[in-house]
Amino acid sequence: MDAYCDLEVDVNGEEVLMVDKKVLSSYSGSIRKMFSTLKGGKRNMKVIYHDFPGGAENFELITRFCYKNGKIDINPFNITDLNCAAYFLEMNKCVSGSQNLLEQTAKSLEDIRYWTWSELIVALKRCQDFLAVASSSGILEKCLDSIVGRVASSCETSPSPSVSSPDSYKFRASCDTRSSESLKSSFLRVTWWFEDLVQLDIRLIEMLVKSMVSRNLSHRIISKFLFHYQKSRLASAFLDEKSRMVETVVEMLFSLDLSSVSYKSLFGMLRFSLQGNISKCSRNKLESMIGSHLDQATFDDFLVPSPIRARHLYDVNLVLRLVKSFLAKGVWCLPLSRLKKVVSLVDAYIAEVAPDPHLKPSKFLALIRALPDSARDSFDGIYQSVDLYLEVHSGLSEEEKTRVCCGLAYEKLSPGALSHLAQNNKFPSKSALEALNFQQCRLKNLLQPTNQPNNFTNSPIFRETERTEKKDKTHEQILLYAGNLDFSIENESTGAHLQGMQWRVLELEEICRKMQIQMTKMMKSRLSNHSNAKSVPRLCS
């Protein structure tokens, strides 16, 4: 063993090196402190490092720096390792009395603006291997700032910069043409950096995105990159890594302007999250983002299979949560067009799940009530879905059927649907009674006169005749349904009440027809005498 090599150094289990303790102590504060308290004669000693930055190869560079009196070639490819090792070993000016390795690497970093894109990427990749040290030494922040600055510059300006893009990306998009090739080049001009940054660790991506947001980089571009990163990394990552990655990407997307985030890509992440094991908090945030854009969904998006242990076909709970997120700010805050789109999707979904024999009444009713009654113009579609559900679930008790029917807004059912319901033996007796109640109320409204006068001289008689014929058809239809009503009700008192209501409908119908005939005669008489029309009751709206 060399007489001057009195220190044995085991570097990360990779290699054991023999060095001169005195030489290294003259540059390294940590080694000097390690042996400053030792007393006694000269003897061989051993140091073991488990996480030395850059490993054995970098430690050899450090010893070379010490043996050559502080001289070493520093370049973009080794500066990260040297800087982190210098910080780790406390190789600063206070120890050596002159410019030490830490100061030299810091000075070299002043020229980082002249580095090529490839050199920046290499330096940043080295930082992720010993992130804590790189962050403390300051080199990580400088690399991140330089990369984000060049990305931001390339997104704001048109040509591909000579120092801000890799040699492999040479863009020659014409500024004059508006052809598809020009559009493609414009897209590449702001996304050329995607592939290079995909190779970075998710922790570095978090730092990059925060820096991009602080520099007001387009949220649309950031979200596109995050989706690209997630898609690229999921293919090779392990399940645990995938879950953590998705959670982190969700957190970053949640911090962006949601109007800049692709709904389709979010739903793709949701499908993975339902299969993977991501945290409840991240899943809630993901569903919240999707729910806020629910009007952009397609019907197929709603058809997510139910969890493995569930018996029903589709994940109804998911749809309920998404609708709740959509309505989070209140119905009055939503444009009518967006609300109508979601109503259409939900109603189609209700019709799709109605035949599912394993769907519980409570879940079916929850779907109907997920949107307020005011959001629907008509409940005829819901009535058809309820009719189908009761047909498939014929074993439900009268109480369960009644509870399901509570989701119907009878005032928004058409006369035809009300009449059909009143005769539908699949529905409970209370529903039939309520349907007849609404029929009676509507008929009473027809008989209430209006206080607004009508000028018959300005309205041709054929229009009034047309209205009269339409009224006749409507009343004939009501009379027909009332006459054909089949009361198969076990409860005698309820049946008697329904029977009485039926006769009352017939009586009101007869009164309405007589008044209508009298009104028509009065109109013809007054018009023939060229007299001014007076106010008459409007029986039908």
# chains A, B, ... in the order shown; residues from 1 in each chain; ligands from 1
>>> residues_around(residues="Cys66 (chain A)", least_positions_apart="3", cutoff="10 Å", atoms="only C-alpha atoms", output="mmCIF file with all heavy atoms, in the first residue's frame")
data_model
loop_
_atom_site.group_PDB
_atom_site.id
_atom_site.type_symbol
_atom_site.label_atom_id
_atom_site.label_comp_id
_atom_site.auth_asym_id
_atom_site.auth_seq_id
_atom_site.Cartn_x
_atom_site.Cartn_y
_atom_site.Cartn_z
ATOM 1 N N ASP A 20 -4.997 9.973 -0.345
ATOM 2 C CA ASP A 20 -4.246 10.666 0.702
ATOM 3 C C ASP A 20 -5.224 11.536 1.496
ATOM 4 O O ASP A 20 -5.801 12.485 0.969
ATOM 5 C CB ASP A 20 -3.155 11.531 0.068
ATOM 6 C CG ASP A 20 -2.208 12.097 1.111
ATOM 7 O OD1 ASP A 20 -2.656 12.354 2.245
ATOM 8 O OD2 ASP A 20 -1.029 12.302 0.776
ATOM 9 N N VAL A 23 -4.431 15.364 1.521
ATOM 10 C CA VAL A 23 -4.716 16.091 0.277
ATOM 11 C C VAL A 23 -6.203 16.385 0.178
ATOM 12 O O VAL A 23 -6.610 17.510 -0.135
ATOM 13 C CB VAL A 23 -4.243 15.278 -0.947
ATOM 14 C CG1 VAL A 23 -4.690 15.963 -2.239
ATOM 15 C CG2 VAL A 23 -2.734 15.136 -0.936
ATOM 16 N N LEU A 24 -7.029 15.386 0.441
ATOM 17 C CA LEU A 24 -8.477 15.584 0.331
ATOM 18 C C LEU A 24 -8.990 16.533 1.411
ATOM 19 O O LEU A 24 -9.906 17.329 1.160
ATOM 20 C CB LEU A 24 -9.207 14.246 0.434
ATOM 21 C CG LEU A 24 -9.612 13.636 -0.925
ATOM 22 C CD1 LEU A 24 -8.370 13.219 -1.712
ATOM 23 C CD2 LEU A 24 -10.517 12.432 -0.724
ATOM 24 N N SER A 25 -8.376 16.470 2.606
ATOM 25 C CA SER A 25 -8.818 17.341 3.695
ATOM 26 C C SER A 25 -8.544 18.809 3.401
ATOM 27 O O SER A 25 -9.218 19.696 3.938
ATOM 28 C CB SER A 25 -8.124 16.957 5.003
ATOM 29 O OG SER A 25 -8.488 15.653 5.389
ATOM 30 N N SER A 26 -7.545 19.096 2.547
ATOM 31 C CA SER A 26 -7.221 20.489 2.224
ATOM 32 C C SER A 26 -8.278 21.133 1.325
ATOM 33 O O SER A 26 -8.291 22.348 1.174
ATOM 34 C CB SER A 26 -5.851 20.563 1.539
ATOM 35 O OG SER A 26 -5.875 19.836 0.319
ATOM 36 N N TYR A 27 -9.147 20.318 0.744
ATOM 37 C CA TYR A 27 -10.204 20.849 -0.133
ATOM 38 C C TYR A 27 -11.608 20.525 0.383
ATOM 39 O O TYR A 27 -12.553 21.240 0.061
ATOM 40 C CB TYR A 27 -10.066 20.275 -1.555
ATOM 41 C CG TYR A 27 -8.891 20.855 -2.309
ATOM 42 C CD1 TYR A 27 -7.666 20.201 -2.302
ATOM 43 C CD2 TYR A 27 -9.016 22.047 -3.014
ATOM 44 C CE1 TYR A 27 -6.581 20.727 -2.991
ATOM 45 C CE2 TYR A 27 -7.942 22.573 -3.699
ATOM 46 C CZ TYR A 27 -6.713 21.912 -3.680
ATOM 47 O OH TYR A 27 -5.643 22.442 -4.366
ATOM 48 N N SER A 28 -11.747 19.440 1.142
ATOM 49 C CA SER A 28 -13.065 19.000 1.594
ATOM 50 C C SER A 28 -13.282 19.295 3.069
ATOM 51 O O SER A 28 -12.554 18.764 3.933
ATOM 52 C CB SER A 28 -13.232 17.496 1.342
ATOM 53 O OG SER A 28 -14.392 17.018 1.961
ATOM 54 N N GLU A 60 -13.495 9.846 -8.417
ATOM 55 C CA GLU A 60 -12.154 9.882 -9.027
ATOM 56 C C GLU A 60 -11.856 11.263 -9.594
ATOM 57 O O GLU A 60 -10.720 11.754 -9.501
ATOM 58 C CB GLU A 60 -12.056 8.825 -10.124
ATOM 59 C CG GLU A 60 -11.966 7.407 -9.581
ATOM 60 C CD GLU A 60 -11.708 6.390 -10.684
ATOM 61 O OE1 GLU A 60 -11.119 6.767 -11.715
ATOM 62 O OE2 GLU A 60 -12.086 5.223 -10.510
ATOM 63 N N LEU A 61 -12.883 11.897 -10.218
ATOM 64 C CA LEU A 61 -12.692 13.263 -10.725
ATOM 65 C C LEU A 61 -12.388 14.226 -9.582
ATOM 66 O O LEU A 61 -11.563 15.138 -9.721
ATOM 67 C CB LEU A 61 -13.947 13.725 -11.469
ATOM 68 C CG LEU A 61 -14.185 13.150 -12.852
ATOM 69 C CD1 LEU A 61 -15.536 13.641 -13.396
ATOM 70 C CD2 LEU A 61 -13.069 13.565 -13.817
ATOM 71 N N ILE A 62 -13.051 14.023 -8.443
ATOM 72 C CA ILE A 62 -12.841 14.887 -7.283
ATOM 73 C C ILE A 62 -11.402 14.746 -6.771
ATOM 74 O O ILE A 62 -10.735 15.748 -6.463
ATOM 75 C CB ILE A 62 -13.839 14.551 -6.159
ATOM 76 C CG1 ILE A 62 -15.277 14.823 -6.622
ATOM 77 C CG2 ILE A 62 -13.514 15.336 -4.895
ATOM 78 C CD1 ILE A 62 -15.578 16.253 -6.909
ATOM 79 N N THR A 63 -10.929 13.506 -6.639
ATOM 80 C CA THR A 63 -9.557 13.287 -6.161
ATOM 81 C C THR A 63 -8.543 13.872 -7.146
ATOM 82 O O THR A 63 -7.517 14.418 -6.740
ATOM 83 C CB THR A 63 -9.280 11.785 -5.975
ATOM 84 O OG1 THR A 63 -9.520 11.086 -7.215
ATOM 85 C CG2 THR A 63 -10.174 11.206 -4.896
ATOM 86 N N ASN A 69 -4.106 20.400 -7.598
ATOM 87 C CA ASN A 69 -4.162 21.741 -7.014
ATOM 88 C C ASN A 69 -5.347 22.570 -7.515
ATOM 89 O O ASN A 69 -5.218 23.745 -7.847
ATOM 90 C CB ASN A 69 -2.855 22.497 -7.284
ATOM 91 C CG ASN A 69 -1.659 21.802 -6.659
ATOM 92 O OD1 ASN A 69 -1.740 21.317 -5.523
ATOM 93 N ND2 ASN A 69 -0.555 21.741 -7.395
ATOM 94 N N GLY A 70 -6.484 21.916 -7.573
ATOM 95 C CA GLY A 70 -7.716 22.629 -7.891
ATOM 96 C C GLY A 70 -7.905 22.925 -9.350
ATOM 97 O O GLY A 70 -8.572 23.922 -9.701
ATOM 98 N N LYS A 71 -7.401 22.068 -10.216
ATOM 99 C CA LYS A 71 -7.575 22.277 -11.654
ATOM 100 C C LYS A 71 -8.280 21.063 -12.259
ATOM 101 O O LYS A 71 -7.872 19.929 -12.019
ATOM 102 C CB LYS A 71 -6.223 22.475 -12.335
ATOM 103 C CG LYS A 71 -5.502 23.739 -11.903
ATOM 104 C CD LYS A 71 -4.163 23.875 -12.616
ATOM 105 C CE LYS A 71 -3.429 25.145 -12.152
ATOM 106 N NZ LYS A 71 -2.113 25.294 -12.818
ATOM 107 N N ILE A 72 -9.328 21.350 -13.025
ATOM 108 C CA ILE A 72 -10.082 20.266 -13.662
ATOM 109 C C ILE A 72 -10.917 20.850 -14.798
ATOM 110 O O ILE A 72 -11.295 22.033 -14.763
ATOM 111 C CB ILE A 72 -10.992 19.552 -12.640
ATOM 112 C CG1 ILE A 72 -11.492 18.225 -13.191
ATOM 113 C CG2 ILE A 72 -12.155 20.439 -12.230
ATOM 114 C CD1 ILE A 72 -12.244 17.384 -12.175
ATOM 115 N N ASN A 100 -12.507 27.279 -4.716
ATOM 116 C CA ASN A 100 -12.603 25.820 -4.608
ATOM 117 C C ASN A 100 -13.522 25.292 -5.712
ATOM 118 O O ASN A 100 -14.019 26.046 -6.570
ATOM 119 C CB ASN A 100 -13.128 25.448 -3.224
ATOM 120 C CG ASN A 100 -12.674 24.080 -2.770
ATOM 121 O OD1 ASN A 100 -12.403 23.208 -3.584
ATOM 122 N ND2 ASN A 100 -12.600 23.878 -1.459
ATOM 123 N N LEU A 101 -13.800 23.985 -5.654
ATOM 124 C CA LEU A 101 -14.586 23.359 -6.716
ATOM 125 C C LEU A 101 -16.014 23.906 -6.770
ATOM 126 O O LEU A 101 -16.577 24.089 -7.851
ATOM 127 C CB LEU A 101 -14.611 21.838 -6.514
ATOM 128 C CG LEU A 101 -15.350 21.028 -7.588
ATOM 129 C CD1 LEU A 101 -14.762 21.275 -8.973
ATOM 130 C CD2 LEU A 101 -15.319 19.541 -7.258
#
>>> select_by_dssp(residues="region 45-150 of chain A", states="alpha helix (DSSP H)", output="PyMOL selection string")
chain A and resi 55-67+79-88+93-96+101-109+117-127+131-137+139-150
>>> atom_distance(atom1="CA of Glu399 (chain A)", atom2="CA of Asn437 (chain A)")
20.0 Å
>>> atom_distance(atom1="CA of Lys242 (chain A)", atom2="CA of Ser136 (chain A)")
28.2 Å
>>> atom_distance(atom1="CA of Met91 (chain A)", atom2="CA of Lys33 (chain A)")
12.1 Å
>>> residues_around(residues="Val246 (chain A)", least_positions_apart="3", cutoff="8 Å", atoms="only C-alpha atoms", output="ChimeraX atom specification")
/A:230,242-243,249-250,269,273,278
